[in-house]
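Trainee: Have a peek at model_9.csv (CSV, C-alpha atoms).
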```csv
chain,number,residue,atom,x,y,z
H,24,MET,CA,3.6,65.8,85.3
H,25,ASP,CA,3.7,69.3,86.7
H,26,ALA,CA,0.6,69.7,88.9
H,27,THR,CA,2.0,72.4,91.1
H,28,THR,CA,-1.2,74.6,91.1
H,29,ALA,CA,-3.7,71.8,91.4
H,30,LEU,CA,-1.9,69.4,93.7
H,31,GLY,CA,1.1,71.4,95.1
H,32,LYS,CA,3.7,69.2,93.4
H,33,SER,CA,5.1,67.5,90.3
H,34,VAL,CA,4.7,63.8,89.9
H,35,TYR,CA,8.1,63.8,88.3
H,36,THR,CA,10.2,66.8,87.2
H,37,ASN,CA,11.5,67.5,83.7
H,38,GLU,CA,15.0,67.1,85.1
H,39,GLN,CA,14.2,63.6,86.4
H,40,ILE,CA,12.7,62.6,83.0
H,41,ALA,CA,15.8,63.9,81.2
H,42,GLU,CA,18.1,62.0,83.6
H,43,LEU,CA,16.1,58.8,82.9
H,44,CYS,CA,16.3,59.3,79.2
H,45,ALA,CA,20.0,59.8,79.3
H,46,MET,CA,20.3,56.1,80.5
H,47,SER,CA,19.2,54.7,77.2
H,48,GLU,CA,19.0,55.7,73.5
H,49,ARG,CA,15.6,53.9,73.4
H,50,LEU,CA,14.0,56.5,75.6
H,51,ILE,CA,12.5,59.8,74.3
H,52,GLY,CA,11.3,62.1,77.0
H,53,PHE,CA,8.4,64.5,77.1
H,54,ALA,CA,8.3,67.6,79.3
H,55,SER,CA,5.4,68.8,81.4
H,56,VAL,CA,4.6,72.3,82.6
H,57,ASP,CA,1.8,73.8,84.7
H,58,PRO,CA,-0.4,75.9,82.4
H,59,HIS,CA,-1.6,77.9,85.4
H,60,GLN,CA,1.9,79.3,85.9
H,61,PRO,CA,2.9,82.5,84.1
H,62,ASP,CA,6.4,81.1,83.3
H,63,ALA,CA,5.1,77.8,81.8
H,64,ALA,CA,6.0,78.7,78.2
H,65,ALA,CA,9.6,79.6,79.3
H,66,LYS,CA,9.9,76.4,81.2
H,67,LEU,CA,8.8,74.4,78.2
H,68,ASP,CA,11.4,76.2,76.0
H,69,ALA,CA,14.1,75.4,78.6
H,70,ALA,CA,13.0,71.7,78.8
H,71,ILE,CA,13.3,71.3,75.0
H,72,HIS,CA,16.5,73.3,74.4
H,73,GLN,CA,18.4,72.6,77.6
H,74,LEU,CA,17.2,69.2,78.7
H,75,LYS,CA,16.7,67.9,75.1
H,76,LEU,CA,13.2,66.6,75.8
H,77,ARG,CA,11.1,66.0,72.6
H,78,GLY,CA,7.5,66.7,73.4
H,79,LEU,CA,5.0,68.0,75.9
H,80,LYS,CA,2.6,66.0,78.1
H,81,LEU,CA,-0.4,67.6,79.7
H,82,ASP,CA,-3.2,66.1,81.8
H,83,PRO,CA,-6.1,68.6,82.0
H,84,ALA,CA,-8.0,66.4,84.6
H,85,MET,CA,-5.0,66.1,86.9
H,86,GLN,CA,-3.8,69.6,86.4
H,87,GLN,CA,-7.3,70.9,86.7
H,88,PHE,CA,-7.7,73.1,83.6
H,89,ARG,CA,-9.9,73.0,80.6
H,90,PRO,CA,-7.9,72.4,77.4
H,91,ASN,CA,-9.7,75.4,75.7
H,92,ASP,CA,-8.9,77.8,78.6
H,93,ARG,CA,-7.0,80.8,77.2
H,94,THR,CA,-4.6,80.5,80.2
H,95,ALA,CA,-3.0,77.6,78.4
H,96,TYR,CA,-2.7,79.3,75.1
H,97,PRO,CA,0.9,80.6,75.6
H,98,VAL,CA,2.0,77.0,76.2
H,99,TYR,CA,0.4,75.9,73.0
H,100,GLU,CA,1.9,78.8,71.1
H,101,LYS,CA,5.4,77.8,72.4
H,102,ALA,CA,4.9,74.2,71.6
H,103,GLN,CA,3.8,75.1,68.0
H,104,GLU,CA,6.8,77.4,67.7
H,105,LEU,CA,9.1,74.6,68.9
H,106,GLY,CA,7.5,72.1,66.5
H,107,ILE,CA,6.9,69.5,69.2
H,108,PRO,CA,3.8,67.3,69.7
H,109,VAL,CA,1.5,67.7,72.7
H,110,LEU,CA,0.2,64.5,74.3
H,111,PHE,CA,-2.9,65.1,76.3
H,112,HIS,CA,-4.5,62.7,78.7
H,113,ALA,CA,-8.1,62.5,77.4
H,114,GLY,CA,-11.2,60.8,78.4
H,115,MET,CA,-11.7,59.0,81.7
H,116,SER,CA,-9.4,60.0,84.6
H,117,TRP,CA,-8.9,58.5,88.0
H,118,ALA,CA,-6.7,61.4,89.3
H,119,PRO,CA,-7.8,62.6,92.7
H,120,GLY,CA,-9.9,65.8,92.5
H,121,SER,CA,-10.2,65.5,88.7
H,122,ARG,CA,-13.4,66.1,86.7
H,123,LEU,CA,-14.4,64.0,83.8
H,124,GLU,CA,-15.5,67.1,81.8
H,125,TYR,CA,-11.8,68.2,81.4
H,126,GLY,CA,-11.1,65.1,79.3
H,127,GLN,CA,-14.1,65.6,76.9
H,128,PRO,CA,-12.7,65.6,73.3
H,129,LEU,CA,-14.7,68.6,72.1
H,130,LEU,CA,-12.9,70.8,74.6
H,131,PHE,CA,-9.8,70.2,72.4
H,132,GLU,CA,-11.5,71.5,69.3
H,133,PRO,CA,-10.6,75.2,69.8
H,134,VAL,CA,-7.0,74.2,70.4
H,135,ALA,CA,-6.9,72.2,67.1
H,136,ALA,CA,-8.5,75.0,65.2
H,137,ASP,CA,-6.5,77.9,66.7
H,138,PHE,CA,-3.2,76.1,66.4
H,139,PRO,CA,-3.3,74.2,63.0
H,140,LYS,CA,0.4,73.5,63.0
H,141,LEU,CA,0.4,72.0,66.5
H,142,ASN,CA,0.4,68.2,66.5
H,143,ILE,CA,-2.0,67.1,69.2
H,144,VAL,CA,-2.3,63.5,70.5
H,145,LEU,CA,-5.3,62.5,72.6
H,146,ALA,CA,-4.4,59.5,74.7
H,147,HIS,CA,-6.6,56.4,75.4
H,148,LEU,CA,-8.8,57.1,72.3
H,149,ALA,CA,-10.5,59.5,74.7
H,150,TRP,CA,-12.6,56.7,76.0
H,151,PRO,CA,-15.6,56.7,76.6
H,152,TRP,CA,-15.9,59.5,74.1
H,153,VAL,CA,-14.4,57.5,71.2
H,154,THR,CA,-16.8,58.7,68.6
H,155,GLU,CA,-16.2,62.3,69.4
H,156,ALA,CA,-12.5,61.8,69.4
H,157,VAL,CA,-12.6,60.1,66.0
H,158,ALA,CA,-14.8,62.9,64.6
H,159,LEU,CA,-12.3,65.5,65.9
H,160,ALA,CA,-9.4,63.6,64.2
H,161,LEU,CA,-11.4,63.3,60.9
H,162,LYS,CA,-12.0,67.1,60.9
H,163,TYR,CA,-8.6,68.2,62.0
H,164,PRO,CA,-5.5,66.6,60.5
H,165,ASN,CA,-3.3,67.8,63.4
H,166,VAL,CA,-5.3,65.7,65.9
H,167,HIS,CA,-4.0,62.2,66.6
H,168,LEU,CA,-5.2,59.4,68.8
H,169,ASP,CA,-3.3,56.7,70.7
H,170,THR,CA,-4.3,53.1,71.5
H,171,SER,CA,-3.4,53.1,75.2
H,172,ALA,CA,-6.0,51.1,77.2
H,173,LEU,CA,-7.4,52.9,80.1
H,174,TYR,CA,-10.4,51.2,81.7
H,175,PHE,CA,-11.3,47.7,80.4
H,176,ASP,CA,-10.1,44.5,82.1
H,177,ASN,CA,-7.8,43.6,79.2
H,178,PRO,CA,-6.4,45.4,76.2
H,179,ARG,CA,-7.8,43.2,73.6
H,180,ASP,CA,-11.4,43.9,74.6
H,181,PHE,CA,-10.6,47.6,74.9
H,182,VAL,CA,-9.1,48.2,71.4
H,183,HIS,CA,-11.6,45.9,69.8
H,184,HIS,CA,-14.5,47.8,71.4
H,185,CYS,CA,-13.1,51.2,70.4
H,186,MET,CA,-11.6,50.4,67.0
H,187,ALA,CA,-13.9,47.8,65.6
H,188,GLU,CA,-17.3,48.1,67.4
H,189,VAL,CA,-17.8,51.8,68.2
H,190,VAL,CA,-16.0,52.9,65.0
H,191,PRO,CA,-15.3,50.6,62.1
H,192,LEU,CA,-11.8,49.4,61.5
H,193,SER,CA,-11.8,50.9,58.0
H,194,VAL,CA,-12.2,54.4,59.4
H,195,PHE,CA,-8.8,54.1,61.1
H,196,GLU,CA,-6.9,52.5,58.2
H,197,CYS,CA,-8.4,54.5,55.4
H,198,SER,CA,-9.3,57.9,56.9
H,199,LEU,CA,-7.0,58.2,59.9
H,200,ARG,CA,-4.0,56.5,58.4
H,201,TYR,CA,-1.5,59.0,59.6
H,202,GLN,CA,-3.2,59.9,62.9
H,203,ILE,CA,-3.1,56.7,65.0
H,204,LEU,CA,-0.2,56.0,67.3
H,205,PHE,CA,0.6,53.0,69.5
H,206,GLY,CA,0.3,53.5,73.2
H,207,SER,CA,0.2,50.9,76.0
H,208,ASN,CA,-0.7,52.8,79.2
H,209,TYR,CA,2.2,50.9,80.9
H,210,PRO,CA,2.4,49.9,83.8
H,211,ARG,CA,-1.4,49.4,83.9
H,212,VAL,CA,-1.1,47.3,80.8
H,213,GLU,CA,2.0,45.4,79.8
H,214,ILE,CA,3.4,46.8,76.5
H,215,LYS,CA,3.6,43.4,74.8
H,216,ASN,CA,0.0,42.7,75.7
H,217,MET,CA,-1.2,45.9,74.2
H,218,ALA,CA,0.9,45.4,71.1
H,219,ASN,CA,-0.6,41.9,70.6
H,220,ALA,CA,-4.1,43.4,71.1
H,221,VAL,CA,-3.5,46.0,68.3
H,222,ARG,CA,-2.1,43.3,66.0
H,223,ALA,CA,-5.1,41.1,66.6
H,224,LEU,CA,-7.4,43.8,65.0
H,225,GLY,CA,-6.3,42.7,61.6
H,226,PHE,CA,-4.9,45.9,60.1
H,227,SER,CA,-2.6,45.5,57.1
H,228,ALA,CA,1.1,45.1,57.7
H,229,ASP,CA,1.9,48.5,56.2
H,230,TYR,CA,-0.6,50.2,58.5
H,231,GLN,CA,0.7,48.4,61.5
H,232,LYS,CA,4.2,49.7,60.8
H,233,MET,CA,2.7,53.2,60.8
H,234,ILE,CA,0.9,52.7,64.1
H,235,PHE,CA,3.9,51.1,65.8
H,236,GLY,CA,6.4,53.7,64.8
H,237,GLY,CA,6.1,55.5,61.5
H,238,ASN,CA,3.5,58.0,62.6
H,239,ALA,CA,5.4,58.7,65.9
H,240,VAL,CA,8.7,59.2,64.0
H,241,ARG,CA,7.0,61.8,61.8
H,242,LEU,CA,5.6,63.7,64.7
H,243,LEU,CA,9.0,63.7,66.5
H,244,GLY,CA,10.8,64.8,63.3
H,245,GLY,CA,12.9,61.7,63.4
H,246,VAL,CA,14.2,59.7,66.3
H,247,ALA,CA,17.9,60.6,66.3
```
Will you turn the file into structure tokens for me?
Mentor:
Amino acid sequence: MDATTALGKSVYTNEQIAELCAMSERLIGFASVDPHQPDAAAKLDAAIHQLKLRGLKLDPAMQQFRPNDRTAYPVYEKAQELGIPVLFHAGMSWAPGSRLEYGQPLLFEPVAADFPKLNIVLAHLAWPWVTEAVALALKYPNVHLDTSALYFDNPRDFVHHCMAEVVPLSVFECSLRYQILFGSNYPRVEIKNMANAVRALGFSADYQKMIFGGNAVRLLGGVA
């Protein structure tokens, strides 16, 4: 996560992520760039073409920018050009100095509307604004949500609250069939525990296959 402008450093560099991914065929790396920097789009291009990373991760709260800020538009343009997905931290953030407003789902609407070919993933179901995030995904087919637990004491309560109580299960399986991705928020939540929590929701076997891999494979253009 490149937070050079906001925090004076990167949490990890793109080079470190690429080095880690080279250790196993099971790992697919996402780059990060600082949208405040004028060379951010060029750095993203290099990370994809030279380091062979496969997507972009941005955290507006940690990086201290509003998702709809025009300063970030060159980065979105480059990501759309490259055909890579953009994974945004959305919803609640514990990052030092962060502001909750930067994770509000409706701030992503101009991005979804202005870049219709850009595949956007909002992490954590944008909790606590789950309803707004679902509405955004219903309106814009290029908006996706992931299941990674963020705040609750256990993943089963989290996903049940978000995907069965706040919004009915049928909305996800019927209307957002291609727009939900598995996420665990590891190491805060063990991956197997989050997987079990999602399975416990009672989605059909076919839909679980899409959540646990099929939808991600499509966004990544394959996994080879």
Trainee: Within 10 Å of range 149-157 of chain H, which residues of range 196-227 of chain H come that close, and what is the closest atom pair and distance in Å for each? Count all atoms listed in the file and give it as a Markdown table.
Mentor:
```
| residue | atom | partner | partner_atom | distance |
| --- | --- | --- | --- | --- |
| H:Ser198 | CA | H:Val157 | CA | 9.9 |
| H:Leu199 | CA | H:Val157 | CA | 8.5 |
| H:Gln202 | CA | H:Val157 | CA | 9.9 |
```
Trainee: Pull C-alpha atoms from the residues just selected and write them as a PDB file, keeping the file's coordinate frame.
Mentor:
```
ATOM      1  CA  SER H 198      -9.300  57.900  56.900  1.00  0.00           C
ATOM      2  CA  LEU H 199      -7.000  58.200  59.900  1.00  0.00           C
ATOM      3  CA  GLN H 202      -3.200  59.900  62.900  1.00  0.00           C
TER       4      GLN H 202
END
```
Trainee: What is the distance, in Å and to one decimal place, between CA of Thr36 in chain H and CA of Ala54 in chain H?
Mentor: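 Rounded to one decimal, the two atoms are 8.2 Å apart.
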Trainee: What is the CA of Gly206 in chain H-CA of Leu141 in chain H distance in Å, reported with one decimal?
Mentor: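 It comes out at 19.7 Å.
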Trainee: Please measure the separation of CA of Tyr163 in chain H and CA of Arg89 in chain H, giving the value in Å to one decimal.
Mentor: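 Going from CA of Tyr163 in chain H over to CA of Arg89 in chain H covers 19.3 Å.
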Trainee: Using all atoms listed in the file, give me every residue within 12 Å of (0.2, 78.5, 75.0) in file coordinates, as an NGL selection string.
Mentor: :H and (56-68 or 79 or 81 or 90-105 or 109 or 134 or 137-138 or 141)
Trainee: Please determine, counting all atoms listed in the file, which residue among H:Ser193, H:Asn219, H:Gln127, H:Gln231 has the shortest atom-to-atom distance to Phe88 in chain H.
Mentor: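 Ranked by minimum distance to Phe88 in chain H, first place goes to H:Gln127.
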Trainee: Draw an axis-aligned box tight on the listed atoms of range 185-194 of chain H, then pad every side by 6 Å and write out centre and edge lengths in Å to one decimal as AutoDock Vina command-line options.
Mentor:
```
--center_x -14.7 --center_y 51.1 --center_z 64.2 --size_x 18.2 --size_y 18.6 --size_z 24.4
```
Trainee: Pick from H:Val166, H:Ala45, H:Ala160, H:Ala69: nearest to Asn142 in chain H, with only C-alpha atoms counted?
Mentor: H:Val166
Trainee: Would you please work out which residue, of H:Asp82, H:Glu213, H:Glu196, H:Asp180, is nearest to Met233 in chain H when using all atoms listed in the file?
Mentor: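 Going through H:Asp82, H:Glu213, H:Glu196, H:Asp180 one by one, the smallest distance to Met233 in chain H is for H:Glu196.
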Trainee: Ranking H:Val189, H:Met85, H:Ala146, H:Ile214 by minimum distance to Gly114 in chain H and counting all atoms listed in the file, which one comes first?
Mentor: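 Closest candidate: H:Ala146.
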Trainee: Any idea what's packed within 8 Å of Arg122 in chain H, counting all atoms listed in the file, ignoring anything in its chain fewer than 3 positions away? Could you give it as a short mmCIF file (atom, residue, chain, number, x, y, z; two decimals) with C-alpha atoms, in the coordinates of the input?
Mentor:
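selection-v2.cif, freshly written:
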```cif
data_model
loop_
_atom_site.label_atom_id
_atom_site.label_comp_id
_atom_site.auth_asym_id
_atom_site.auth_seq_id
_atom_site.Cartn_x
_atom_site.Cartn_y
_atom_site.Cartn_z
CA ALA H 84 -8.00 66.40 84.60
CA GLN H 87 -7.30 70.90 86.70
CA SER H 116 -9.40 60.00 84.60
CA TYR H 125 -11.80 68.20 81.40
CA GLY H 126 -11.10 65.10 79.30
#
```
Trainee: At a cut-off of 12 Å from (14.8, 55.0, 72.1) in the coordinates of the file, what residues are picked up using all atoms listed in the file, written as a PyMOL selection string?
Mentor: chain H and resi 43-52+77+236+239-240+243+245-247
